[in-house]
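S.K.: My structure file final.pdb, PDB, C-alpha atoms, is below:
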```pdb
ATOM      1  CA  MET I   1       2.059 -13.524 -22.759
ATOM      2  CA  LYS I   2      -1.591 -14.372 -23.331
ATOM      3  CA  PHE I   3      -2.375 -13.075 -19.867
ATOM      4  CA  ILE I   4      -0.736  -9.733 -20.656
ATOM      5  CA  LEU I   5      -2.617  -9.400 -23.956
ATOM      6  CA  ASN I   6      -5.904 -10.159 -22.232
ATOM      7  CA  TYR I   7      -5.091  -7.608 -19.555
ATOM      8  CA  ILE I   8      -4.432  -4.933 -22.180
ATOM      9  CA  ARG I   9      -7.871  -5.628 -23.671
ATOM     10  CA  LYS I  10      -9.611  -4.978 -20.350
ATOM     11  CA  GLU I  11     -11.555  -1.715 -20.210
ATOM     12  CA  THR I  12     -10.423  -0.575 -16.781
ATOM     13  CA  TRP I  13      -7.205  -1.691 -15.232
ATOM     14  CA  SER I  14      -6.487  -1.798 -11.565
ATOM     15  CA  PRO I  15      -5.565   1.824 -10.758
ATOM     16  CA  TYR I  16      -2.389   0.563  -9.126
ATOM     17  CA  VAL I  17      -1.142  -1.036 -12.356
ATOM     18  CA  ALA I  18      -1.991   2.041 -14.422
ATOM     19  CA  GLY I  19      -0.368   4.225 -11.751
ATOM     20  CA  VAL I  20       2.862   2.230 -11.917
ATOM     21  CA  LEU I  21       2.832   2.673 -15.709
ATOM     22  CA  LEU I  22       2.361   6.437 -15.397
ATOM     23  CA  GLY I  23       5.101   6.675 -12.763
ATOM     24  CA  LEU I  24       7.523   4.840 -15.061
ATOM     25  CA  VAL I  25       6.545   7.066 -17.996
ATOM     26  CA  ALA I  26       7.133  10.171 -15.871
ATOM     27  CA  ILE I  27      10.608   8.908 -14.916
ATOM     28  CA  LEU I  28      11.361   8.085 -18.567
ATOM     29  CA  ALA I  29      10.276  11.576 -19.614
ATOM     30  CA  VAL I  30      12.783  13.174 -17.267
ATOM     31  CA  LEU I  31      15.489  10.656 -18.124
ATOM     32  CA  THR I  32      15.275  10.851 -21.911
ATOM     33  CA  SER I  33      14.009  14.356 -22.721
ATOM     34  CA  ASN I  34      14.306  16.248 -19.421
ATOM     35  CA  ILE I  35      10.648  17.306 -19.429
ATOM     36  CA  LEU I  36       7.742  17.008 -17.011
ATOM     37  CA  LEU I  37       4.478  15.469 -18.201
ATOM     38  CA  GLY I  38       2.205  18.506 -18.340
ATOM     39  CA  GLY I  39      -1.205  18.793 -19.927
ATOM     40  CA  SER I  40      -2.378  22.348 -19.467
ATOM     41  CA  GLY I  41       0.602  24.274 -20.838
ATOM     42  CA  ALA I  42      -0.003  23.010 -24.363
ATOM     43  CA  PHE I  43      -3.328  24.834 -24.662
ATOM     44  CA  GLU I  44      -1.773  28.082 -23.484
ATOM     45  CA  ASN I  45       1.019  27.714 -26.047
ATOM     46  CA  LEU I  46      -1.539  27.191 -28.789
ATOM     47  CA  ALA I  47      -3.753  30.032 -27.529
ATOM     48  CA  GLY I  48      -0.697  32.288 -27.519
ATOM     49  CA  MET I  49       0.064  31.315 -31.104
ATOM     50  CA  ILE I  50      -3.475  32.073 -32.290
ATOM     51  CA  GLY I  51      -3.631  35.251 -30.216
ATOM     52  CA  LYS I  52      -0.346  36.591 -31.565
ATOM     53  CA  ALA I  53      -1.658  36.143 -35.083
ATOM     54  CA  LEU I  54      -5.076  37.715 -34.470
ATOM     55  CA  ALA I  55      -4.409  40.443 -31.885
ATOM     56  CA  PRO I  56      -0.674  40.977 -31.392
ATOM     57  CA  ALA I  57      -1.147  43.981 -29.093
ATOM     58  CA  ALA I  58      -3.375  42.172 -26.608
ATOM     59  CA  PHE I  59      -1.027  39.207 -26.371
ATOM     60  CA  ASP I  60       2.178  41.238 -26.097
ATOM     61  CA  ASN I  61       2.554  40.889 -22.336
ATOM     62  CA  MET I  62       4.790  39.247 -19.743
ATOM     63  CA  TYR I  63       2.797  36.048 -19.562
ATOM     64  CA  PHE I  64       2.774  35.135 -23.233
ATOM     65  CA  ASN I  65       6.272  36.454 -23.918
ATOM     66  CA  PHE I  66       8.174  34.754 -21.125
ATOM     67  CA  ILE I  67       6.165  32.318 -18.997
ATOM     68  CA  MET I  68       4.203  30.576 -21.731
ATOM     69  CA  PRO I  69       5.959  31.193 -25.053
ATOM     70  CA  PRO I  70       3.637  30.502 -27.989
ATOM     71  CA  GLY I  71       4.448  27.907 -30.608
ATOM     72  CA  LEU I  72       4.646  24.154 -31.033
ATOM     73  CA  THR I  73       6.457  23.357 -27.788
ATOM     74  CA  THR I  74       7.191  19.937 -26.310
ATOM     75  CA  GLY I  75       3.951  20.267 -24.340
ATOM     76  CA  VAL I  76       1.928  20.458 -27.557
ATOM     77  CA  ILE I  77       3.659  17.389 -29.006
ATOM     78  CA  LEU I  78       3.067  15.570 -25.725
ATOM     79  CA  MET I  79      -0.651  16.373 -25.834
ATOM     80  CA  ILE I  80      -0.962  15.178 -29.448
ATOM     81  CA  GLY I  81       0.630  11.928 -28.298
ATOM     82  CA  ALA I  82      -1.693  11.713 -25.302
ATOM     83  CA  PHE I  83      -4.730  12.199 -27.539
ATOM     84  CA  PHE I  84      -3.783   9.282 -29.751
ATOM     85  CA  GLY I  85      -2.593   7.216 -26.789
ATOM     86  CA  GLY I  86      -5.988   7.606 -25.181
ATOM     87  CA  MET I  87      -7.666   6.595 -28.435
ATOM     88  CA  ILE I  88      -5.465   3.514 -28.710
ATOM     89  CA  GLY I  89      -6.315   2.672 -25.114
ATOM     90  CA  ALA I  90     -10.025   2.875 -25.884
ATOM     91  CA  ALA I  91      -9.624   0.954 -29.124
ATOM     92  CA  THR I  92      -7.868  -1.962 -27.399
ATOM     93  CA  SER I  93     -10.834  -2.358 -25.073
ATOM     94  CA  LYS I  94     -13.334  -1.748 -27.919
ATOM     95  CA  THR I  95     -14.889   1.254 -26.171
ATOM     96  CA  LEU I  96     -13.822   3.804 -28.787
ATOM     97  CA  LYS I  97     -16.932   5.883 -29.526
ATOM     98  CA  TRP I  98     -15.701   7.779 -32.587
ATOM     99  CA  GLY I  99     -18.747   8.431 -34.776
ATOM    100  CA  LYS I 100     -21.088   6.353 -32.616
ATOM    101  CA  LYS I 101     -24.552   7.602 -31.717
ATOM    102  CA  ASP I 102     -23.951   8.498 -28.073
ATOM    103  CA  ALA I 103     -20.386   9.721 -28.616
ATOM    104  CA  ALA I 104     -21.182  13.294 -27.619
ATOM    105  CA  ASN I 105     -22.455  12.355 -24.184
ATOM    106  CA  SER I 106     -22.077   8.760 -23.077
ATOM    107  CA  ASP I 107     -21.799   9.055 -19.323
ATOM    108  CA  PHE I 108     -24.734   7.502 -17.490
ATOM    109  CA  GLN I 109     -24.068   9.347 -14.269
ATOM    110  CA  TRP I 110     -23.948  12.713 -16.047
ATOM    111  CA  LYS I 111     -27.330  12.016 -17.652
ATOM    112  CA  ARG I 112     -28.840  11.076 -14.301
ATOM    113  CA  ILE I 113     -27.720  14.308 -12.662
ATOM    114  CA  PHE I 114     -27.984  16.920 -15.402
ATOM    115  CA  GLY I 115     -30.383  15.399 -17.937
ATOM    116  CA  PRO I 116     -29.767  13.750 -21.326
ATOM    117  CA  GLN I 117     -29.266  16.927 -23.452
ATOM    118  CA  ASN I 118     -26.033  17.078 -25.406
ATOM    119  CA  TRP I 119     -25.755  20.862 -25.445
ATOM    120  CA  LYS I 120     -25.691  20.946 -21.630
ATOM    121  CA  ARG I 121     -22.764  18.552 -21.564
ATOM    122  CA  TRP I 122     -20.856  20.583 -24.160
ATOM    123  CA  LEU I 123     -21.605  23.933 -22.521
ATOM    124  CA  LEU I 124     -20.605  22.783 -19.057
ATOM    125  CA  ALA I 125     -17.498  21.086 -20.408
ATOM    126  CA  PHE I 126     -16.511  24.335 -22.143
ATOM    127  CA  VAL I 127     -17.106  26.514 -19.083
ATOM    128  CA  GLY I 128     -15.409  23.997 -16.806
ATOM    129  CA  ALA I 129     -12.421  23.805 -19.113
ATOM    130  CA  ILE I 130     -12.045  27.609 -19.025
ATOM    131  CA  ILE I 131     -12.007  27.431 -15.219
ATOM    132  CA  LEU I 132      -9.470  24.581 -15.342
ATOM    133  CA  GLU I 133      -7.084  26.369 -17.694
ATOM    134  CA  TYR I 134      -7.313  29.614 -15.757
ATOM    135  CA  ALA I 135      -6.584  27.850 -12.481
ATOM    136  CA  ALA I 136      -3.735  25.869 -14.018
ATOM    137  CA  GLY I 137      -2.268  29.158 -15.218
ATOM    138  CA  ILE I 138      -2.361  30.583 -11.701
ATOM    139  CA  ALA I 139      -1.007  27.493  -9.967
ATOM    140  CA  GLY I 140       1.638  26.689 -12.574
ATOM    141  CA  GLY I 141       0.381  23.298 -13.719
ATOM    142  CA  CYS I 142      -2.461  20.813 -13.690
ATOM    143  CA  THR I 143      -3.055  17.406 -12.152
ATOM    144  CA  SER I 144      -0.371  15.710 -14.206
ATOM    145  CA  GLY I 145       2.131  18.517 -14.672
ATOM    146  CA  LEU I 146       2.126  19.892 -11.148
ATOM    147  CA  ALA I 147       0.527  17.341  -8.821
ATOM    148  CA  ILE I 148       2.142  14.133 -10.164
ATOM    149  CA  SER I 149       5.311  15.341 -11.917
ATOM    150  CA  GLY I 150       5.983  18.096  -9.393
ATOM    151  CA  GLY I 151       5.132  15.899  -6.431
ATOM    152  CA  MET I 152       7.525  13.298  -7.808
ATOM    153  CA  LEU I 153      10.329  15.844  -7.357
ATOM    154  CA  LEU I 154       8.937  16.679  -3.892
ATOM    155  CA  ALA I 155       7.967  20.215  -4.858
ATOM    156  CA  PRO I 156       5.916  21.828  -2.065
ATOM    157  CA  ALA I 157       3.777  23.525  -4.728
ATOM    158  CA  ALA I 158       2.360  20.144  -5.765
ATOM    159  CA  PHE I 159       1.081  19.260  -2.322
ATOM    160  CA  LEU I 160      -0.490  22.678  -1.791
ATOM    161  CA  PHE I 161      -2.183  22.239  -5.150
ATOM    162  CA  ILE I 162      -3.502  18.751  -4.312
ATOM    163  CA  ALA I 163      -4.906  20.021  -1.008
ATOM    164  CA  GLY I 164      -6.690  22.916  -2.686
ATOM    165  CA  MET I 165      -7.958  20.749  -5.510
ATOM    166  CA  PHE I 166      -9.585  18.179  -3.240
ATOM    167  CA  ALA I 167     -11.019  20.758  -0.843
ATOM    168  CA  SER I 168     -12.869  22.684  -3.524
ATOM    169  CA  GLY I 169     -13.660  19.586  -5.578
ATOM    170  CA  ILE I 170     -15.450  18.027  -2.617
ATOM    171  CA  ALA I 171     -17.306  21.300  -1.951
ATOM    172  CA  THR I 172     -18.396  21.568  -5.596
ATOM    173  CA  ALA I 173     -19.548  17.955  -5.681
ATOM    174  CA  LEU I 174     -21.540  18.593  -2.505
ATOM    175  CA  ILE I 175     -23.303  21.542  -4.172
ATOM    176  CA  ILE I 176     -23.986  19.675  -7.432
ATOM    177  CA  TYR I 177     -25.228  16.477  -5.793
ATOM    178  CA  ARG I 178     -26.896  17.968  -2.702
ATOM    179  CA  ARG I 179     -29.050  15.215  -1.176
ATOM    180  CA  ARG I 180     -27.740  12.562  -3.554
ATOM    181  CA  TYR I 181     -24.178  13.006  -2.290
TER
ATOM    182  CA  MET J  11      13.447  15.238 -34.473
ATOM    183  CA  ALA J  12      14.273  12.012 -32.661
ATOM    184  CA  ASN J  13      13.477  13.827 -29.459
ATOM    185  CA  SER J  14      10.063  14.888 -30.793
ATOM    186  CA  ILE J  15       9.212  11.282 -31.632
ATOM    187  CA  MET J  16      10.292  10.216 -28.148
ATOM    188  CA  ILE J  17       8.024  12.862 -26.642
ATOM    189  CA  LEU J  18       5.163  11.752 -28.881
ATOM    190  CA  VAL J  19       5.598   8.166 -27.663
ATOM    191  CA  LEU J  20       5.773   9.317 -24.049
ATOM    192  CA  GLY J  21       2.587  11.297 -24.572
ATOM    193  CA  GLY J  22       0.982   8.214 -26.067
ATOM    194  CA  LEU J  23       1.844   6.103 -23.034
ATOM    195  CA  PHE J  24       0.607   8.902 -20.784
ATOM    196  CA  GLY J  25      -2.760   8.966 -22.556
ATOM    197  CA  PHE J  26      -2.920   5.167 -22.586
ATOM    198  CA  SER J  27      -2.381   4.833 -18.831
ATOM    199  CA  ILE J  28      -4.936   7.564 -18.101
ATOM    200  CA  ASN J  29      -7.485   5.882 -20.338
ATOM    201  CA  LYS J  30      -6.898   2.467 -18.773
ATOM    202  CA  ALA J  31      -7.229   3.846 -15.254
ATOM    203  CA  GLY J  32     -10.624   5.208 -16.312
ATOM    204  CA  LEU J  33      -9.693   8.841 -15.737
ATOM    205  CA  THR J  34     -11.186   9.803 -19.095
ATOM    206  CA  LYS J  35     -14.669   9.191 -17.678
ATOM    207  CA  TYR J  36     -16.722  11.831 -15.915
ATOM    208  CA  ASN J  37     -18.114   9.459 -13.276
ATOM    209  CA  LYS J  38     -14.656   8.304 -12.132
ATOM    210  CA  ILE J  39     -13.439  11.843 -11.568
ATOM    211  CA  VAL J  40     -16.501  13.137  -9.777
ATOM    212  CA  ASN J  41     -16.972  10.032  -7.632
ATOM    213  CA  VAL J  42     -13.621  10.557  -5.960
ATOM    214  CA  PHE J  43     -15.064  13.802  -4.602
ATOM    215  CA  ARG J  44     -18.124  11.895  -3.379
ATOM    216  CA  PHE J  45     -15.961   9.198  -1.757
ATOM    217  CA  THR J  46     -17.719   6.417  -3.687
ATOM    218  CA  ASP J  47     -14.861   5.461  -6.044
ATOM    219  CA  MET J  48     -11.292   6.157  -5.035
ATOM    220  CA  ALA J  49      -9.676   5.018  -8.321
ATOM    221  CA  VAL J  50      -8.368   8.513  -9.108
ATOM    222  CA  LEU J  51      -6.651   8.831  -5.763
ATOM    223  CA  LYS J  52      -5.182   5.328  -5.973
ATOM    224  CA  PHE J  53      -3.910   6.051  -9.471
ATOM    225  CA  MET J  54      -2.388   9.424  -8.583
ATOM    226  CA  MET J  55      -0.728   8.241  -5.399
ATOM    227  CA  THR J  56       0.699   5.089  -7.024
ATOM    228  CA  ALA J  57       2.158   7.181  -9.834
ATOM    229  CA  LEU J  58       3.564   9.611  -7.251
ATOM    230  CA  ALA J  59       5.127   6.879  -5.137
ATOM    231  CA  VAL J  60       6.688   5.090  -8.129
ATOM    232  CA  GLY J  61       7.903   8.352  -9.649
ATOM    233  CA  MET J  62       9.314   9.653  -6.376
ATOM    234  CA  SER J  63      11.290   6.530  -5.508
ATOM    235  CA  GLY J  64      12.516   6.182  -9.087
ATOM    236  CA  MET J  65      13.626   9.796  -9.398
ATOM    237  CA  PHE J  66      15.433   9.896  -6.092
ATOM    238  CA  ILE J  67      17.167   6.553  -6.657
ATOM    239  CA  LEU J  68      18.326   7.740 -10.083
ATOM    240  CA  ARG J  69      19.545  11.021  -8.641
ATOM    241  CA  GLY J  70      21.338   9.161  -5.880
ATOM    242  CA  LEU J  71      23.128   7.117  -8.534
ATOM    243  CA  GLY J  72      23.966  10.338 -10.378
ATOM    244  CA  LEU J  73      22.122   9.311 -13.547
ATOM    245  CA  VAL J  74      19.736  12.224 -13.734
ATOM    246  CA  THR J  75      19.586  15.948 -13.010
ATOM    247  CA  PHE J  76      16.203  17.323 -12.043
ATOM    248  CA  PRO J  77      14.484  19.620 -14.535
ATOM    249  CA  ASN J  78      13.235  22.928 -13.217
ATOM    250  CA  VAL J  79      11.096  22.042 -10.208
ATOM    251  CA  PRO J  80       7.713  23.852 -10.237
ATOM    252  CA  ALA J  81       8.027  27.108  -8.333
ATOM    253  CA  THR J  82       6.438  27.483  -4.926
ATOM    254  CA  TYR J  83       4.338  30.541  -4.249
ATOM    255  CA  ILE J  84       1.962  29.511  -1.531
ATOM    256  CA  VAL J  85      -1.009  31.781  -2.329
ATOM    257  CA  GLY J  86      -0.864  31.117  -6.066
ATOM    258  CA  ASN J  87      -0.600  27.343  -5.748
ATOM    259  CA  LEU J  88      -3.371  27.161  -3.179
ATOM    260  CA  ILE J  89      -5.798  29.488  -4.979
ATOM    261  CA  GLY J  90      -5.020  27.803  -8.290
ATOM    262  CA  GLY J  91      -5.805  24.462  -6.691
ATOM    263  CA  LEU J  92      -9.051  25.756  -5.216
ATOM    264  CA  ILE J  93     -10.295  27.066  -8.566
ATOM    265  CA  PHE J  94      -9.033  23.942 -10.323
ATOM    266  CA  GLY J  95     -11.153  21.712  -8.099
ATOM    267  CA  VAL J  96     -14.329  23.525  -9.148
ATOM    268  CA  GLY J  97     -13.564  22.980 -12.810
ATOM    269  CA  MET J  98     -12.568  19.376 -12.178
ATOM    270  CA  ALA J  99     -15.807  18.496 -10.412
ATOM    271  CA  LEU J 100     -17.858  20.229 -13.133
ATOM    272  CA  THR J 101     -16.129  18.852 -16.201
ATOM    273  CA  GLY J 102     -14.636  15.545 -15.187
ATOM    274  CA  PHE J 103     -11.186  16.336 -16.536
TER
END
```
Any chance you could put this one into structure tokens?

M.R.:
Amino acid sequence: MKFILNYIRKETWSPYVAGVLLGLVAILAVLTSNILLGGSGAFENLAGMIGKALAPAAFDNMYFNFIMPPGLTTGVILMIGAFFGGMIGAATSKTLKWGKKDAANSDFQWKRIFGPQNWKRWLLAFVGAIILEYAAGIAGGCTSGLAISGGMLLAPAAFLFIAGMFASGIATALIIYRRRY
Amino acid sequence: MANSIMILVLGGLFGFSINKAGLTKYNKIVNVFRFTDMAVLKFMMTALAVGMSGMFILRGLGLVTFPNVPATYIVGNLIGGLIFGVGMALTGF
């Protein structure tokens, strides 16, 4: 028991242990609520909700009416849970940076590559997130919703997605890091 | 309502496992693309293997019906993945 408690307090687990936990959670999700663990859909649901309120004409199309219906869907609830779950995870290892001085940009490797400015981190995170959401919309899911949950059901889409993701991820990292790769 | 709470708990465990694997950190995500830290790949593939065997055993026992499997449209999945990788390496999602 003490061993388990100490293990929970560790900052980084062995990826195999955490992977087993995620696999079990994904099975439980299908078993109890018949859903797949998806991260990207929630933001589209919320965007659809805001868009329908602000500019109903622009959002009255196929995509937001049928593929991604706006509103507080299971995906949104799941993401709220994931947010707090992540915070609890950080709190148990005492690495929660809420309100701390370097909370906005705490990654040493990021600072080494791009410089210490906070605005750079926020700008690039925003732009990158737009790219991520757009791509997830095209492919039909993100790393968790398509690659892990879809791959678990042996969907060919998941493996195509993983291949594409690693190919372009490696290329992008090569461009960003150049000689330091 | 009970279902919503269940989903909230599932989401919590999902976030917890991702945090503990270190996938909430920029350096972990980008280093898998530089081949210096393969934690992301280990994590993803372990989750896949556990999920796969679990799902297919449960289906074999007739305890579960699969939810709608993500649709396959080769060009869309591949191009989506290619764009996704760019964002992933930039942001550290």

S.K.: From the options I:Leu132, I:Ala58, I:Leu22, I:Val127, which residue's atoms come nearest to I:Ser40, counting all atoms listed in the file?

M.R.: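 With all atoms listed in the file as the atom set, the closest residue is I:Leu132.
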
S.K.: For the point (2.7, 27.1, -30.0) in the file's frame, write as a PDB file with C-alpha atoms, in the frame of the given file all residues with an atom no more than 8 Å away, counting only C-alpha atoms.

M.R.:
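Written out: result_22.pdb:
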```pdb
ATOM      1  CA  ALA I  42      -0.003  23.010 -24.363  1.00  0.00           C
ATOM      2  CA  GLU I  44      -1.773  28.082 -23.484  1.00  0.00           C
ATOM      3  CA  ASN I  45       1.019  27.714 -26.047  1.00  0.00           C
ATOM      4  CA  LEU I  46      -1.539  27.191 -28.789  1.00  0.00           C
ATOM      5  CA  ALA I  47      -3.753  30.032 -27.529  1.00  0.00           C
ATOM      6  CA  GLY I  48      -0.697  32.288 -27.519  1.00  0.00           C
ATOM      7  CA  MET I  49       0.064  31.315 -31.104  1.00  0.00           C
ATOM      8  CA  PRO I  69       5.959  31.193 -25.053  1.00  0.00           C
ATOM      9  CA  PRO I  70       3.637  30.502 -27.989  1.00  0.00           C
ATOM     10  CA  GLY I  71       4.448  27.907 -30.608  1.00  0.00           C
ATOM     11  CA  LEU I  72       4.646  24.154 -31.033  1.00  0.00           C
ATOM     12  CA  THR I  73       6.457  23.357 -27.788  1.00  0.00           C
ATOM     13  CA  VAL I  76       1.928  20.458 -27.557  1.00  0.00           C
TER      14      VAL I  76
END
```

S.K.: Could the residues of chain I that have an atom at most 6 Å from chain J be listed as CSV, each with its closest atom pair and the distance in Å to one decimal, counting only C-alpha atoms and ordered by chain and ascending residue number?

M.R.:
```
residue,atom,partner,partner_atom,distance
I:Thr12,CA,J:Lys30,CA,5.1
I:Trp13,CA,J:Lys30,CA,5.5
I:Pro15,CA,J:Phe53,CA,4.7
I:Tyr16,CA,J:Phe53,CA,5.7
I:Ala18,CA,J:Ser27,CA,5.2
I:Gly19,CA,J:Ala57,CA,4.3
I:Val20,CA,J:Ala57,CA,5.4
I:Leu22,CA,J:Ala57,CA,5.6
I:Gly23,CA,J:Ala57,CA,4.2
I:Ile27,CA,J:Gly61,CA,5.9
I:Asn34,CA,J:Pro77,CA,5.9
I:Ile77,CA,J:Leu18,CA,5.8
I:Leu78,CA,J:Gly21,CA,4.5
I:Gly81,CA,J:Gly21,CA,4.3
I:Ala82,CA,J:Gly25,CA,4.0
I:Gly85,CA,J:Gly22,CA,3.8
I:Gly86,CA,J:Gly25,CA,4.4
I:Gly89,CA,J:Phe26,CA,4.9
I:Ala125,CA,J:Thr101,CA,5.0
I:Gly128,CA,J:Gly97,CA,4.5
I:Ile131,CA,J:Gly97,CA,5.3
I:Leu132,CA,J:Gly97,CA,5.1
I:Ala135,CA,J:Gly90,CA,4.5
I:Ile138,CA,J:Gly90,CA,5.1
I:Ala139,CA,J:Asn87,CA,4.2
I:Ile148,CA,J:Leu58,CA,5.6
I:Met152,CA,J:Met62,CA,4.3
I:Ala157,CA,J:Thr82,CA,4.8
I:Leu160,CA,J:Leu88,CA,5.5
I:Phe161,CA,J:Gly91,CA,4.5
I:Gly164,CA,J:Gly91,CA,4.4
I:Met165,CA,J:Gly95,CA,4.2
I:Ser168,CA,J:Gly95,CA,5.0
I:Gly169,CA,J:Gly95,CA,4.1
I:Ile170,CA,J:Phe43,CA,4.7
I:Thr172,CA,J:Val96,CA,5.7
```

S.K.: Please produce an output containing C-alpha atoms for each residue in the selection, written as a PDB file, in the frame of the given file.

M.R.:
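And here's result_4.pdb as it stands now:
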```
ATOM      1  CA  THR I  12     -10.423  -0.575 -16.781  1.00  0.00           C
ATOM      2  CA  TRP I  13      -7.205  -1.691 -15.232  1.00  0.00           C
ATOM      3  CA  PRO I  15      -5.565   1.824 -10.758  1.00  0.00           C
ATOM      4  CA  TYR I  16      -2.389   0.563  -9.126  1.00  0.00           C
ATOM      5  CA  ALA I  18      -1.991   2.041 -14.422  1.00  0.00           C
ATOM      6  CA  GLY I  19      -0.368   4.225 -11.751  1.00  0.00           C
ATOM      7  CA  VAL I  20       2.862   2.230 -11.917  1.00  0.00           C
ATOM      8  CA  LEU I  22       2.361   6.437 -15.397  1.00  0.00           C
ATOM      9  CA  GLY I  23       5.101   6.675 -12.763  1.00  0.00           C
ATOM     10  CA  ILE I  27      10.608   8.908 -14.916  1.00  0.00           C
ATOM     11  CA  ASN I  34      14.306  16.248 -19.421  1.00  0.00           C
ATOM     12  CA  ILE I  77       3.659  17.389 -29.006  1.00  0.00           C
ATOM     13  CA  LEU I  78       3.067  15.570 -25.725  1.00  0.00           C
ATOM     14  CA  GLY I  81       0.630  11.928 -28.298  1.00  0.00           C
ATOM     15  CA  ALA I  82      -1.693  11.713 -25.302  1.00  0.00           C
ATOM     16  CA  GLY I  85      -2.593   7.216 -26.789  1.00  0.00           C
ATOM     17  CA  GLY I  86      -5.988   7.606 -25.181  1.00  0.00           C
ATOM     18  CA  GLY I  89      -6.315   2.672 -25.114  1.00  0.00           C
ATOM     19  CA  ALA I 125     -17.498  21.086 -20.408  1.00  0.00           C
ATOM     20  CA  GLY I 128     -15.409  23.997 -16.806  1.00  0.00           C
ATOM     21  CA  ILE I 131     -12.007  27.431 -15.219  1.00  0.00           C
ATOM     22  CA  LEU I 132      -9.470  24.581 -15.342  1.00  0.00           C
ATOM     23  CA  ALA I 135      -6.584  27.850 -12.481  1.00  0.00           C
ATOM     24  CA  ILE I 138      -2.361  30.583 -11.701  1.00  0.00           C
ATOM     25  CA  ALA I 139      -1.007  27.493  -9.967  1.00  0.00           C
ATOM     26  CA  ILE I 148       2.142  14.133 -10.164  1.00  0.00           C
ATOM     27  CA  MET I 152       7.525  13.298  -7.808  1.00  0.00           C
ATOM     28  CA  ALA I 157       3.777  23.525  -4.728  1.00  0.00           C
ATOM     29  CA  LEU I 160      -0.490  22.678  -1.791  1.00  0.00           C
ATOM     30  CA  PHE I 161      -2.183  22.239  -5.150  1.00  0.00           C
ATOM     31  CA  GLY I 164      -6.690  22.916  -2.686  1.00  0.00           C
ATOM     32  CA  MET I 165      -7.958  20.749  -5.510  1.00  0.00           C
ATOM     33  CA  SER I 168     -12.869  22.684  -3.524  1.00  0.00           C
ATOM     34  CA  GLY I 169     -13.660  19.586  -5.578  1.00  0.00           C
ATOM     35  CA  ILE I 170     -15.450  18.027  -2.617  1.00  0.00           C
ATOM     36  CA  THR I 172     -18.396  21.568  -5.596  1.00  0.00           C
TER      37      THR I 172
END
```

S.K.: From the list I:Thr74, I:Ile80, I:Ile8, I:Leu154, which residue is nearest J:Met11 when using all atoms listed in the file?

M.R.: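 Of the candidates, the smallest distance to J:Met11 is held by I:Thr74.
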
S.K.: Which centre and edge lengths in Å to one decimal define the box along x, y and z that fits every listed atom of stretch 56-65 of chain J plus 3 Å per side, as lines of an AutoDock Vina configuration file?

M.R.:
```
center_x = 7.2
center_y = 7.4
center_z = -7.5
size_x = 18.9
size_y = 10.7
size_z = 10.7
```

S.K.: For this file, the PyMOL selection byres ((chain I and resi 93) around 8) selects which residues, as a list in words?

M.R.: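 This file, filtered by the PyMOL selection byres ((chain I and resi 93) around 8), leaves Ile8, Arg9, Lys10, Glu11, Gly89, Ala90, Ala91, Thr92, Lys94, Thr95 and Leu96 of chain I.
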
S.K.: For atom CA of I:Ile50 and atom CA of I:Gly75, quote the distance in Å rounded to one decimal.

M.R.: 16.1 Å

S.K.: Quick one: pull the distance between atom CA of I:Ile130 and atom CA of I:Phe43, Å, one decimal.

M.R.: 10.7 Å

S.K.: Go through I:Leu174, I:Ala26, I:Leu124, I:Ile4 and flag the residue nearest I:Leu153, using all atoms listed in the file for the distances.

M.R.: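 Looking at the shortest contact to I:Leu153, the residue is I:Ala26.
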